[in-house]
file model-v1.tsv (TSV, C-alpha atoms and all ligand atoms)
chain	number	residue	atom	x	y	z
A	1	MET	CA	18.56	-8.82	-9.70
A	2	GLU	CA	16.83	-7.78	-12.90
A	3	ARG	CA	16.06	-4.07	-13.10
A	4	ASP	CA	14.33	-2.50	-16.08
A	5	SER	CA	14.41	1.25	-16.64
A	6	GLY	CA	10.96	1.07	-18.20
A	7	ASN	CA	9.89	2.71	-21.45
A	8	SER	CA	12.68	5.00	-22.63
A	9	SER	CA	10.15	7.74	-23.46
A	10	HIS	CA	9.82	8.36	-19.69
A	11	SER	CA	12.47	10.45	-17.96
A	12	THR	CA	13.89	9.38	-14.61
A	13	PRO	CA	11.27	10.15	-11.96
A	14	VAL	CA	12.04	12.88	-9.41
A	15	VAL	CA	11.44	11.63	-5.86
A	16	THR	CA	10.64	14.71	-3.78
A	17	ARG	CA	9.68	12.89	-0.59
A	18	PRO	CA	11.51	9.56	-0.42
A	19	VAL	CA	10.16	6.88	1.89
A	20	ALA	CA	12.86	5.53	4.23
A	21	ALA	CA	13.83	1.90	3.60
A	22	ASP	CA	14.24	1.23	7.33
A	23	TRP	CA	10.65	2.40	7.94
A	24	LEU	CA	9.42	-0.10	5.35
A	25	GLY	CA	11.43	-2.80	7.12
A	26	LEU	CA	10.00	-1.84	10.51
A	27	ARG	CA	6.40	-1.94	9.36
A	28	ARG	CA	6.58	-5.12	7.29
A	29	ALA	CA	5.51	-7.57	10.02
A	30	ALA	CA	2.59	-5.38	11.14
A	31	ASP	CA	1.47	-4.98	7.52
A	32	HIS	CA	1.54	-8.73	6.97
A	33	GLU	CA	-0.35	-9.40	10.19
A	34	ALA	CA	-3.02	-6.83	9.27
A	35	ARG	CA	-3.47	-8.40	5.85
A	36	GLN	CA	-4.56	-11.75	7.32
A	37	ASN	CA	-8.02	-10.20	7.35
A	38	ALA	CA	-7.91	-10.07	3.55
A	39	ALA	CA	-6.87	-13.72	3.15
A	40	PRO	CA	-10.33	-14.90	1.95
A	41	VAL	CA	-10.25	-12.30	-0.82
A	42	ILE	CA	-6.85	-13.57	-1.98
A	43	LYS	CA	-8.34	-17.05	-2.47
A	44	ARG	CA	-10.98	-15.53	-4.73
A	45	ILE	CA	-8.41	-13.53	-6.69
A	46	SER	CA	-6.38	-16.74	-7.16
A	47	SER	CA	-9.46	-18.53	-8.49
A	48	TRP	CA	-10.20	-15.63	-10.82
A	49	LEU	CA	-6.67	-15.70	-12.24
A	50	ASP	CA	-6.63	-19.49	-12.44
A	51	GLU	CA	-9.91	-19.64	-14.41
A	52	ARG	CA	-8.43	-17.30	-17.05
A	53	LEU	CA	-4.94	-18.78	-17.46
A	54	ASN	CA	-4.16	-20.67	-20.67
A	55	ALA	CA	-1.81	-23.65	-20.52
A	56	GLY	CA	1.76	-22.52	-19.84
A	57	GLN	CA	0.77	-18.93	-19.01
A	58	ALA	CA	1.65	-17.04	-15.85
A	59	ALA	CA	-0.57	-14.33	-14.38
A	60	VAL	CA	0.90	-10.83	-14.56
A	61	VAL	CA	1.08	-9.09	-11.18
A	62	ILE	CA	1.90	-5.38	-11.33
A	63	ASP	CA	2.95	-3.98	-7.94
A	64	LEU	CA	2.81	-0.17	-7.98
A	65	GLY	CA	4.97	1.61	-5.39
A	66	ALA	CA	6.61	-1.72	-4.59
A	67	GLY	CA	9.32	-0.20	-2.38
A	68	THR	CA	11.44	-2.94	-0.82
A	69	GLY	CA	9.11	-5.76	-1.87
A	70	SER	CA	6.85	-6.27	1.14
A	71	ASN	CA	3.69	-6.69	-0.94
A	72	GLN	CA	5.26	-9.40	-3.06
A	73	ALA	CA	6.66	-11.12	0.04
A	74	TRP	CA	3.17	-11.44	1.51
A	75	LEU	CA	1.07	-11.93	-1.60
A	76	ALA	CA	3.13	-14.16	-3.90
A	77	PRO	CA	2.98	-17.31	-1.75
A	78	ARG	CA	-0.77	-16.82	-1.27
A	79	LEU	CA	-1.58	-16.65	-4.98
A	80	THR	CA	-1.83	-20.26	-6.06
A	81	VAL	CA	-1.10	-19.66	-9.75
A	82	PRO	CA	2.13	-19.17	-11.74
A	83	GLN	CA	3.07	-15.49	-11.56
A	84	GLN	CA	5.19	-13.00	-13.41
A	85	TRP	CA	5.75	-9.92	-11.24
A	86	ILE	CA	6.56	-6.34	-12.25
A	87	LEU	CA	7.67	-4.23	-9.29
A	88	VAL	CA	7.31	-0.52	-10.13
A	89	ASP	CA	8.64	2.29	-7.97
A	90	HIS	CA	9.86	5.81	-8.67
A	91	ASP	CA	12.67	5.31	-6.11
A	92	ALA	CA	15.49	3.25	-7.62
A	93	GLY	CA	17.21	2.94	-4.23
A	94	LEU	CA	14.22	1.14	-2.70
A	95	LEU	CA	13.95	-1.25	-5.63
A	96	ASP	CA	17.67	-2.00	-5.35
A	97	ALA	CA	17.12	-2.88	-1.68
A	98	SER	CA	14.04	-4.98	-2.39
A	99	THR	CA	13.84	-8.54	-1.13
A	100	ALA	CA	13.60	-11.52	-3.45
A	101	THR	CA	10.69	-13.88	-3.02
A	102	ASP	CA	11.20	-17.61	-2.82
A	103	ALA	CA	7.54	-18.32	-3.57
A	104	GLN	CA	7.52	-21.35	-5.84
A	105	GLN	CA	4.84	-20.03	-8.18
A	106	VAL	CA	6.83	-16.90	-9.10
A	107	ARG	CA	8.44	-17.42	-12.50
A	108	SER	CA	10.01	-13.99	-12.86
A	109	THR	CA	10.30	-10.61	-11.15
A	110	THR	CA	11.13	-7.46	-13.07
A	111	ARG	CA	12.03	-4.30	-11.17
A	112	MET	CA	11.14	-1.13	-13.01
A	113	VAL	CA	11.98	2.43	-12.04
A	114	GLY	CA	8.84	4.30	-12.99
A	115	THR	CA	5.66	5.89	-11.75
A	116	VAL	CA	2.00	4.97	-11.60
A	117	HIS	CA	1.67	6.87	-14.89
A	118	GLN	CA	3.21	3.85	-16.59
A	119	LEU	CA	0.38	1.52	-15.57
A	120	PRO	CA	-1.54	1.82	-18.89
A	121	GLU	CA	1.44	0.51	-20.86
A	122	LEU	CA	1.97	-2.39	-18.42
A	123	VAL	CA	-1.53	-3.89	-18.48
A	124	GLY	CA	-1.59	-4.99	-22.13
A	125	SER	CA	-0.68	-8.64	-21.53
A	126	GLU	CA	-2.91	-11.43	-22.86
A	127	ALA	CA	-2.42	-13.19	-19.54
A	128	PRO	CA	-4.83	-12.40	-16.70
A	129	THR	CA	-3.53	-9.45	-14.74
A	130	LEU	CA	-3.66	-8.32	-11.13
A	131	VAL	CA	-2.89	-4.68	-10.34
A	132	THR	CA	-1.75	-4.37	-6.76
A	133	CYS	CA	-0.14	-1.91	-4.36
A	134	ALA	CA	0.36	-1.59	-0.64
A	135	ALA	CA	0.51	1.62	1.38
A	136	LEU	CA	0.57	3.72	-1.78
A	137	LEU	CA	-2.82	5.30	-2.50
A	138	ASP	CA	-2.65	7.99	0.19
A	139	LEU	CA	0.54	9.33	-1.44
A	140	LEU	CA	-1.12	9.93	-4.79
A	141	SER	CA	-2.82	12.91	-6.42
A	142	PRO	CA	-6.45	12.79	-7.59
A	143	GLN	CA	-5.16	12.64	-11.19
A	144	GLU	CA	-3.02	9.59	-10.44
A	145	ALA	CA	-5.95	7.91	-8.69
A	146	THR	CA	-8.16	8.58	-11.71
A	147	LEU	CA	-5.56	7.07	-14.03
A	148	ILE	CA	-5.30	3.92	-11.91
A	149	ALA	CA	-9.09	3.52	-11.66
A	150	GLN	CA	-9.63	4.06	-15.38
A	151	THR	CA	-6.83	1.66	-16.30
A	152	ILE	CA	-8.18	-1.09	-14.04
A	153	ALA	CA	-11.66	-0.58	-15.47
A	154	SER	CA	-10.65	-0.54	-19.13
A	155	SER	CA	-8.21	-3.45	-18.89
A	156	GLN	CA	-10.58	-5.75	-16.97
A	157	ALA	CA	-7.74	-6.50	-14.56
A	158	ALA	CA	-8.35	-7.63	-11.00
A	159	ALA	CA	-7.07	-5.25	-8.34
A	160	LEU	CA	-5.88	-5.49	-4.76
A	161	LEU	CA	-5.03	-2.01	-3.48
A	162	SER	CA	-3.93	-2.71	0.06
A	163	LEU	CA	-3.18	-1.02	3.33
A	164	THR	CA	-4.37	2.51	2.66
A	165	VAL	CA	-4.55	4.60	5.80
A	166	THR	CA	-8.05	5.82	6.66
A	167	GLY	CA	-7.12	8.48	9.23
A	168	HIS	CA	-8.91	6.55	12.00
A	169	VAL	CA	-6.24	6.24	14.65
A	170	SER	CA	-7.13	5.38	18.23
A	171	LEU	CA	-4.65	5.43	21.05
A	172	THR	CA	-5.54	3.86	24.38
A	173	PRO	CA	-5.48	5.49	26.88
A	174	GLU	CA	-6.62	8.78	25.32
A	175	ASP	CA	-4.56	11.95	25.70
A	176	PRO	CA	-5.77	15.58	25.51
A	177	VAL	CA	-3.31	16.34	22.67
A	178	ASP	CA	-4.30	13.34	20.48
A	179	HIS	CA	-6.86	15.35	18.58
A	180	GLN	CA	-4.54	18.29	17.76
A	181	VAL	CA	-1.81	15.94	16.58
A	182	ALA	CA	-4.31	13.98	14.47
A	183	ALA	CA	-5.77	17.10	12.83
A	184	ALA	CA	-2.33	18.48	11.91
A	185	PHE	CA	-1.10	15.06	10.74
A	186	ASP	CA	-4.12	14.53	8.50
A	187	ALA	CA	-3.73	18.03	7.04
A	188	HIS	CA	-0.09	17.18	6.35
A	189	GLN	CA	-1.17	14.00	4.56
A	190	ARG	CA	-3.50	16.08	2.38
A	191	ARG	CA	-0.81	18.68	1.55
A	192	GLU	CA	-0.29	19.68	-2.07
A	193	ASP	CA	-3.63	18.08	-2.96
A	194	LEU	CA	-2.53	14.54	-2.06
A	195	LEU	CA	-5.35	12.12	-1.23
A	196	GLY	CA	-4.08	11.29	2.27
A	197	PRO	CA	-6.75	9.70	4.46
A	198	ASP	CA	-9.40	10.19	1.75
A	199	ALA	CA	-7.57	7.86	-0.63
A	200	ALA	CA	-9.36	4.54	-0.16
A	201	GLU	CA	-12.80	6.13	-0.38
A	202	THR	CA	-11.78	8.25	-3.37
A	203	VAL	CA	-10.30	5.35	-5.32
A	204	ALA	CA	-13.24	3.06	-4.49
A	205	GLY	CA	-15.59	5.80	-5.73
A	206	LEU	CA	-13.62	6.32	-8.94
A	207	LEU	CA	-13.61	2.59	-9.65
A	208	ARG	CA	-17.39	2.38	-9.12
A	209	GLU	CA	-17.91	5.40	-11.41
A	210	ASN	CA	-15.99	3.44	-14.04
A	211	GLY	CA	-18.30	0.45	-13.67
A	212	VAL	CA	-16.08	-1.74	-11.49
A	213	ASP	CA	-17.44	-3.83	-8.58
A	214	VAL	CA	-15.54	-2.89	-5.45
A	215	GLU	CA	-15.20	-4.50	-2.04
A	216	VAL	CA	-13.47	-2.91	0.91
A	217	VAL	CA	-11.71	-5.00	3.58
A	218	GLU	CA	-10.49	-3.53	6.88
A	219	THR	CA	-6.79	-4.21	7.44
A	220	ASP	CA	-6.02	-2.21	10.58
A	221	TRP	CA	-2.75	-2.33	12.45
A	222	VAL	CA	-3.27	-3.29	16.09
A	223	LEU	CA	-0.07	-2.41	17.92
A	224	ASP	CA	1.17	-2.43	21.50
A	225	ALA	CA	4.32	-2.93	23.56
A	226	ALA	CA	5.03	-6.14	21.65
A	227	GLN	CA	6.26	-3.92	18.76
A	228	PRO	CA	8.03	-1.13	20.70
A	229	GLU	CA	10.32	0.06	17.89
A	230	LEU	CA	7.49	0.33	15.37
A	231	VAL	CA	5.14	2.11	17.80
A	232	GLU	CA	7.80	4.58	18.87
A	233	ARG	CA	8.76	5.35	15.26
A	234	TYR	CA	5.11	5.64	14.23
A	235	LEU	CA	4.37	8.13	17.01
A	236	THR	CA	7.56	10.14	16.45
A	237	ASP	CA	6.98	10.39	12.70
A	238	ARG	CA	3.35	11.31	13.35
A	239	ALA	CA	4.37	14.12	15.70
A	240	ASN	CA	7.07	15.37	13.32
A	241	ALA	CA	4.64	15.56	10.42
A	242	ALA	CA	2.08	17.31	12.62
A	243	VAL	CA	4.68	19.91	13.65
A	244	GLU	CA	5.82	20.38	10.05
A	245	GLN	CA	2.20	21.20	9.25
A	246	ASN	CA	1.60	23.32	12.35
A	247	PRO	CA	4.85	24.59	13.96
A	248	ASP	CA	2.86	25.99	16.92
A	249	LEU	CA	2.41	22.40	18.06
A	250	ALA	CA	6.16	21.82	18.54
A	251	GLU	CA	6.29	21.80	22.33
A	252	ALA	CA	2.95	20.06	22.91
A	253	ALA	CA	3.81	17.38	20.36
A	254	GLN	CA	7.21	16.75	21.91
A	255	GLN	CA	5.62	16.29	25.35
A	256	TRP	CA	2.93	14.10	23.82
A	257	VAL	CA	5.57	11.77	22.35
A	258	GLN	CA	7.33	11.65	25.71
A	259	ARG	CA	4.11	10.70	27.57
A	260	ARG	CA	3.35	8.05	24.96
A	261	ARG	CA	6.91	6.69	25.21
A	262	VAL	CA	6.58	6.20	28.96
A	263	GLN	CA	3.21	4.45	28.52
A	264	LEU	CA	4.75	2.20	25.88
A	265	GLN	CA	7.66	1.29	28.16
A	266	HIS	CA	5.18	0.38	30.92
A	267	GLY	CA	3.09	-1.73	28.58
A	268	ASP	CA	0.15	0.64	29.00
A	269	LEU	CA	-0.30	1.83	25.42
A	270	SER	CA	-2.17	0.32	22.49
A	271	VAL	CA	-2.57	1.84	19.06
A	272	ARG	CA	-5.05	1.00	16.33
A	273	VAL	CA	-4.27	2.47	12.91
A	274	GLY	CA	-7.09	2.19	10.38
A	275	HIS	CA	-6.26	0.75	6.96
A	276	GLN	CA	-8.41	-0.50	4.12
A	277	ASP	CA	-7.87	-2.79	1.15
A	278	VAL	CA	-9.82	-1.91	-2.00
A	279	VAL	CA	-10.51	-5.07	-3.98
A	280	CYS	CA	-11.90	-5.57	-7.49
A	281	ILE	CA	-12.64	-9.00	-8.95
A	282	PRO	CA	-14.23	-8.34	-12.32
A	283	GLU	CA	-16.74	-11.17	-12.42
A	284	ALA	CA	-18.77	-12.35	-9.49
A	285	GLN	CA	-18.56	-16.03	-10.39
A	286	ALA	CA	-15.05	-16.12	-8.88
A	287	ALA	CA	-16.73	-15.71	-5.49
A	288	LEU	CA	-19.14	-18.57	-6.17
A	289	SER	CA	-16.56	-20.99	-7.54
A	290	ALA	CA	-14.18	-20.45	-4.61
A	291	GLY	CA	-16.97	-20.98	-2.09
B	301	LIG	C1	4.72	3.67	2.00
B	301	LIG	S1	5.71	3.05	0.75
B	301	LIG	C2	5.10	1.38	0.55
B	301	LIG	C3	6.10	0.47	-0.10
B	301	LIG	C4	5.67	-0.99	-0.24
B	301	LIG	N1	4.51	-1.11	-1.11
B	301	LIG	C5	5.39	-1.60	1.10
B	301	LIG	O1	4.23	-2.00	1.34
B	301	LIG	O2	6.32	-1.70	1.92
B	301	LIG	C6	5.12	3.83	-0.73
B	301	LIG	C7	5.98	3.49	-1.94
B	301	LIG	O3	5.42	4.09	-3.09
B	301	LIG	C8	6.44	4.70	-3.87
B	301	LIG	N2	5.77	5.77	-4.62
B	301	LIG	C9	5.16	6.86	-4.13
B	301	LIG	N3	4.57	7.56	-5.12
B	301	LIG	C10	4.82	6.87	-6.27
B	301	LIG	C11	4.47	7.08	-7.63
B	301	LIG	N4	3.74	8.13	-8.01
B	301	LIG	N5	4.88	6.18	-8.56
B	301	LIG	C12	5.62	5.10	-8.17
B	301	LIG	N6	5.99	4.86	-6.89
B	301	LIG	C13	5.58	5.73	-5.95
B	301	LIG	C14	7.46	5.15	-2.83
B	301	LIG	O4	8.75	5.31	-3.38
B	301	LIG	C15	7.40	4.00	-1.84
B	301	LIG	O5	8.24	2.94	-2.20
call {"tool": "encode", "arguments": {"input": "model-v1.tsv", "output": "structure tokens"}}
result
Amino acid sequence: MERDSGNSSHSTPVVTRPVAADWLGLRRAADHEARQNAAPVIKRISSWLDERLNAGQAAVVIDLGAGTGSNQAWLAPRLTVPQQWILVDHDAGLLDASTATDAQQVRSTTRMVGTVHQLPELVGSEAPTLVTCAALLDLLSPQEATLIAQTIASSQAAALLSLTVTGHVSLTPEDPVDHQVAAAFDAHQRREDLLGPDAAETVAGLLRENGVDVEVVETDWVLDAAQPELVERYLTDRANAAVEQNPDLAEAAQQWVQRRRVQLQHGDLSVRVGHQDVVCIPEAQAALSAG
């Protein structure tokens, strides 16, 4: 597996809140299912890349916050052009655990330990470029979001910024503690000035301010007892974050998880978790040519 340490002028990133590899494994199938809703957009991105490729070239696909490679696993086989991927993540351990794609159109994959701050130096290729990420934007600061939006705008790259949580979570049946858990969880997501559930709207707004056409596609998770491990982990992590934000919720949140667990075991619980994909295809004719 090829791993590049990136530009030597950047020091090794400090990962203050690592994302667990097993969580990324658990959510992969639900992420891929949710992204089916964005499939028509992928056809248009493919056409856009294809129209701009010179003979022998491969499109450059830069995957920010690539983690264990879920975005590449879903996207690479759906892009119908030759591709050269750069997986960027500040967590070397996740990149080391990342899966290899067997998509035929992928000519190379470089794994680079780095941060979103390195995007400007990665977009300089003469080949058409797609900037992508999945489940990343909510973890970023406003400054990082501005950098990404400005880089996409100035480089004329296409962008597919997928699976950003919106904060719209509905659990059926409702529970009296849902609202308290949601409020504390969302505040936790926004801690230290992170974008949290405002991320998709913020990034879409920044892109528009920079003159980029933006589309937004809903890519919600729709979960139930068919994915018991994922639902249980999602609810437990949600409660833990809520309690970290508001320790007074400790007992209520613990009982809430227990009630939800019983409903899940009885097949009585469904969970919808709002996500959005922010999509930029620089010229509108890609939409026309792909039909
Ligand atoms: C929720 S995970 C998503 C991983 C992967 N894209 C997926 O869909 O499974 C977010 C990823 O972004 C990485 N990350 C967070 N902030 C980052 C930053 N500023 N620069 C680079 N990577 C970052 C984390 O290490 C983690 O791998």
call {"tool": "atom_distance", "arguments": {"input": "model-v1.tsv", "atom1": "atom CA of A:Ala145", "atom2": "atom CA of A:Ser170"}}
result
27.1 Å
call {"tool": "closest_residue", "arguments": {"input": "model-v1.tsv", "among": "A:Asp91, A:Ala29, A:Val203, A:Ser155", "to": "A:Ala226", "atoms": "only C-alpha atoms"}}
result
A:Ala29
call {"tool": "residues_near_ligand", "arguments": {"input": "model-v1.tsv", "ligand": "ligand LIG 301 (chain B)", "cutoff": "6 Å", "atoms": "all atoms listed in the file", "output": "PyMOL selection string"}}
result
chain A and resi 18-19+24+64-68+70-71+89-91+114-116+133-136+139
call {"tool": "residues_around", "arguments": {"input": "model-v1.tsv", "residues": "A:Ala127", "least_positions_apart": "5", "cutoff": "7 Å", "atoms": "all atoms listed in the file", "output": "PDB file with C-alpha atoms, in the coordinates of the input"}}
result
ATOM      1  CA  LEU A  53      -4.940 -18.780 -17.460  1.00  0.00           C
ATOM      2  CA  GLN A  57       0.770 -18.930 -19.010  1.00  0.00           C
ATOM      3  CA  ALA A  58       1.650 -17.040 -15.850  1.00  0.00           C
ATOM      4  CA  ALA A  59      -0.570 -14.330 -14.380  1.00  0.00           C
ATOM      5  CA  VAL A  60       0.900 -10.830 -14.560  1.00  0.00           C
TER       6      VAL A  60
END
call {"tool": "residues_near_point", "arguments": {"input": "model-v1.tsv", "point": "(0.0, -2.5, 12.5)", "cutoff": "9 Å", "atoms": "all atoms listed in the file", "output": "ChimeraX atom specification"}}
result
/A:27-34,219-223,227,230-231,271-275
call {"tool": "atom_distance", "arguments": {"input": "model-v1.tsv", "atom1": "atom CA of A:Leu130", "atom2": "atom CA of A:Thr16"}}
result
28.1 Å
call {"tool": "axis_aligned_box", "arguments": {"input": "model-v1.tsv", "around": "stretch 164-178 of chain A", "padding_each_side": "5 Å", "output": "AutoDock Vina command-line options"}}
result
--center_x -6.1 --center_y 9.4 --center_z 14.8 --size_x 15.6 --size_y 23.8 --size_z 34.2
call {"tool": "atom_distance", "arguments": {"input": "model-v1.tsv", "atom1": "atom CA of A:Val88", "atom2": "atom CA of A:Ala187"}}
result
27.6 Å
call {"tool": "residues_around", "arguments": {"input": "model-v1.tsv", "residues": "A:Asp138", "least_positions_apart": "6", "cutoff": "6 Å", "atoms": "all atoms listed in the file", "output": "MDAnalysis selection string"}}
result
chainID A and resid 195:196 199
call {"tool": "write_last_selection", "arguments": {"input": "model-v1.tsv", "atoms": "C-alpha atoms", "output": "CSV table (one decimal), keeping the file's coordinate frame"}}
result
chain,number,residue,atom,x,y,z
A,195,LEU,CA,-5.4,12.1,-1.2
A,196,GLY,CA,-4.1,11.3,2.3
A,199,ALA,CA,-7.6,7.9,-0.6
call {"tool": "closest_residue", "arguments": {"input": "model-v1.tsv", "among": "A:Ser98, A:Thr80, A:Ser46, A:Gln265", "to": "A:Ala158", "atoms": "only C-alpha atoms"}}
result
A:Ser46
call {"tool": "closest_residue", "arguments": {"input": "model-v1.tsv", "among": "A:Ala76, A:Ala103, A:Val262, A:Ala149", "to": "A:His117", "atoms": "all atoms listed in the file"}}
result
A:Ala149
call {"tool": "closest_residue", "arguments": {"input": "model-v1.tsv", "among": "A:Glu174, A:Asp198, A:Ala182, A:His168", "to": "A:Arg259", "atoms": "all atoms listed in the file"}}
result
A:Glu174
call {"tool": "residues_around", "arguments": {"input": "model-v1.tsv", "residues": "stretch 40-45 of chain A", "least_positions_apart": "3", "cutoff": "12 Å", "atoms": "only C-alpha atoms", "output": "JSON, numbers by chain"}}
result
{"A": [35, 36, 37, 48, 49, 50, 51, 52, 59, 61, 74, 75, 76, 77, 78, 79, 80, 81, 128, 129, 130, 131, 132, 157, 158, 159, 160, 161, 162, 214, 215, 216, 217, 218, 277, 278, 279, 280, 281, 282, 283, 284, 285, 286, 287, 288, 289, 290, 291]}
call {"tool": "residues_around", "arguments": {"input": "model-v1.tsv", "residues": "stretch 240-246 of chain A", "least_positions_apart": "3", "cutoff": "7 Å", "atoms": "all atoms listed in the file", "output": "number ranges by chain"}}
result
A: 181, 184-185, 188, 236-237, 249-250
call {"tool": "write_last_selection", "arguments": {"input": "model-v1.tsv", "atoms": "C-alpha atoms", "output": "compact mmCIF listing (two decimals), keeping the file's coordinate frame"}}
result
# COMPACT_ATOMS: atom_id res chain seq x y z
CA VAL A 181 -1.81 15.94 16.58
CA ALA A 184 -2.33 18.48 11.91
CA PHE A 185 -1.10 15.06 10.74
CA HIS A 188 -0.09 17.18 6.35
CA THR A 236 7.56 10.14 16.45
CA ASP A 237 6.98 10.39 12.70
CA LEU A 249 2.41 22.40 18.06
CA ALA A 250 6.16 21.82 18.54
call {"tool": "closest_residue", "arguments": {"input": "model-v1.tsv", "among": "A:Ala20, A:Leu119, A:Leu269, A:Ala200", "to": "A:Thr166", "atoms": "all atoms listed in the file"}}
result
A:Ala200
call {"tool": "closest_residue", "arguments": {"input": "model-v1.tsv", "among": "A:Thr109, A:Ala153, A:Val165, A:Asn54", "to": "A:Glu126", "atoms": "all atoms listed in the file"}}
result
A:Asn54
call {"tool": "residues_around", "arguments": {"input": "model-v1.tsv", "residues": "A:Asp186", "least_positions_apart": "4", "cutoff": "7 Å", "atoms": "only C-alpha atoms", "output": "JSON, numbers by chain"}}
result
{"A": [167, 182, 190, 197]}
call {"tool": "decode", "arguments": {"input": "model-v1.tsv", "residues": "stretch 137-153 of chain A", "atoms": "N, CA and C atoms", "output": "PDB file, in the first residue's frame"}}
result
ATOM      1  N   LEU A 137     -17.576  17.155   6.718  1.00  0.00           N
ATOM      2  CA  LEU A 137     -17.752  18.601   6.866  1.00  0.00           C
ATOM      3  C   LEU A 137     -18.151  19.021   8.276  1.00  0.00           C
ATOM      4  N   ASP A 138     -18.970  18.227   8.938  1.00  0.00           N
ATOM      5  CA  ASP A 138     -19.436  18.621  10.284  1.00  0.00           C
ATOM      6  C   ASP A 138     -18.301  18.655  11.304  1.00  0.00           C
ATOM      7  N   LEU A 139     -17.170  18.035  10.979  1.00  0.00           N
ATOM      8  CA  LEU A 139     -16.030  17.996  11.905  1.00  0.00           C
ATOM      9  C   LEU A 139     -15.084  19.179  11.714  1.00  0.00           C
ATOM     10  N   LEU A 140     -15.409  20.049  10.765  1.00  0.00           N
ATOM     11  CA  LEU A 140     -14.469  21.112  10.399  1.00  0.00           C
ATOM     12  C   LEU A 140     -14.814  22.437  11.074  1.00  0.00           C
ATOM     13  N   SER A 141     -13.816  23.324  11.085  1.00  0.00           N
ATOM     14  CA  SER A 141     -14.014  24.688  11.585  1.00  0.00           C
ATOM     15  C   SER A 141     -14.503  25.571  10.432  1.00  0.00           C
ATOM     16  N   PRO A 142     -15.052  26.742  10.739  1.00  0.00           N
ATOM     17  CA  PRO A 142     -15.451  27.660   9.664  1.00  0.00           C
ATOM     18  C   PRO A 142     -14.269  28.020   8.758  1.00  0.00           C
ATOM     19  N   GLN A 143     -13.065  28.140   9.337  1.00  0.00           N
ATOM     20  CA  GLN A 143     -11.888  28.491   8.526  1.00  0.00           C
ATOM     21  C   GLN A 143     -11.578  27.371   7.525  1.00  0.00           C
ATOM     22  N   GLU A 144     -11.676  26.125   7.996  1.00  0.00           N
ATOM     23  CA  GLU A 144     -11.399  25.006   7.090  1.00  0.00           C
ATOM     24  C   GLU A 144     -12.455  24.942   5.977  1.00  0.00           C
ATOM     25  N   ALA A 145     -13.703  25.209   6.339  1.00  0.00           N
ATOM     26  CA  ALA A 145     -14.774  25.205   5.330  1.00  0.00           C
ATOM     27  C   ALA A 145     -14.532  26.294   4.291  1.00  0.00           C
ATOM     28  N   THR A 146     -14.088  27.449   4.754  1.00  0.00           N
ATOM     29  CA  THR A 146     -13.808  28.560   3.828  1.00  0.00           C
ATOM     30  C   THR A 146     -12.684  28.177   2.866  1.00  0.00           C
ATOM     31  N   LEU A 147     -11.651  27.545   3.412  1.00  0.00           N
ATOM     32  CA  LEU A 147     -10.523  27.126   2.568  1.00  0.00           C
ATOM     33  C   LEU A 147     -10.989  26.144   1.491  1.00  0.00           C
ATOM     34  N   ILE A 148     -11.807  25.188   1.888  1.00  0.00           N
ATOM     35  CA  ILE A 148     -12.288  24.188   0.919  1.00  0.00           C
ATOM     36  C   ILE A 148     -13.129  24.873  -0.156  1.00  0.00           C
ATOM     37  N   ALA A 149     -14.043  25.743   0.261  1.00  0.00           N
ATOM     38  CA  ALA A 149     -14.934  26.405  -0.709  1.00  0.00           C
ATOM     39  C   ALA A 149     -14.124  27.275  -1.672  1.00  0.00           C
ATOM     40  N   GLN A 150     -13.174  28.022  -1.128  1.00  0.00           N
ATOM     41  CA  GLN A 150     -12.379  28.913  -2.001  1.00  0.00           C
ATOM     42  C   GLN A 150     -11.513  28.104  -2.963  1.00  0.00           C
ATOM     43  N   THR A 151     -10.993  26.983  -2.483  1.00  0.00           N
ATOM     44  CA  THR A 151     -10.129  26.161  -3.350  1.00  0.00           C
ATOM     45  C   THR A 151     -10.943  25.532  -4.475  1.00  0.00           C
ATOM     46  N   ILE A 152     -12.133  25.044  -4.148  1.00  0.00           N
ATOM     47  CA  ILE A 152     -12.988  24.457  -5.198  1.00  0.00           C
ATOM     48  C   ILE A 152     -13.322  25.539  -6.229  1.00  0.00           C
ATOM     49  N   ALA A 153     -13.666  26.722  -5.735  1.00  0.00           N
ATOM     50  CA  ALA A 153     -14.063  27.799  -6.649  1.00  0.00           C
ATOM     51  C   ALA A 153     -12.891  28.210  -7.545  1.00  0.00           C
TER      52      ALA A 153
END
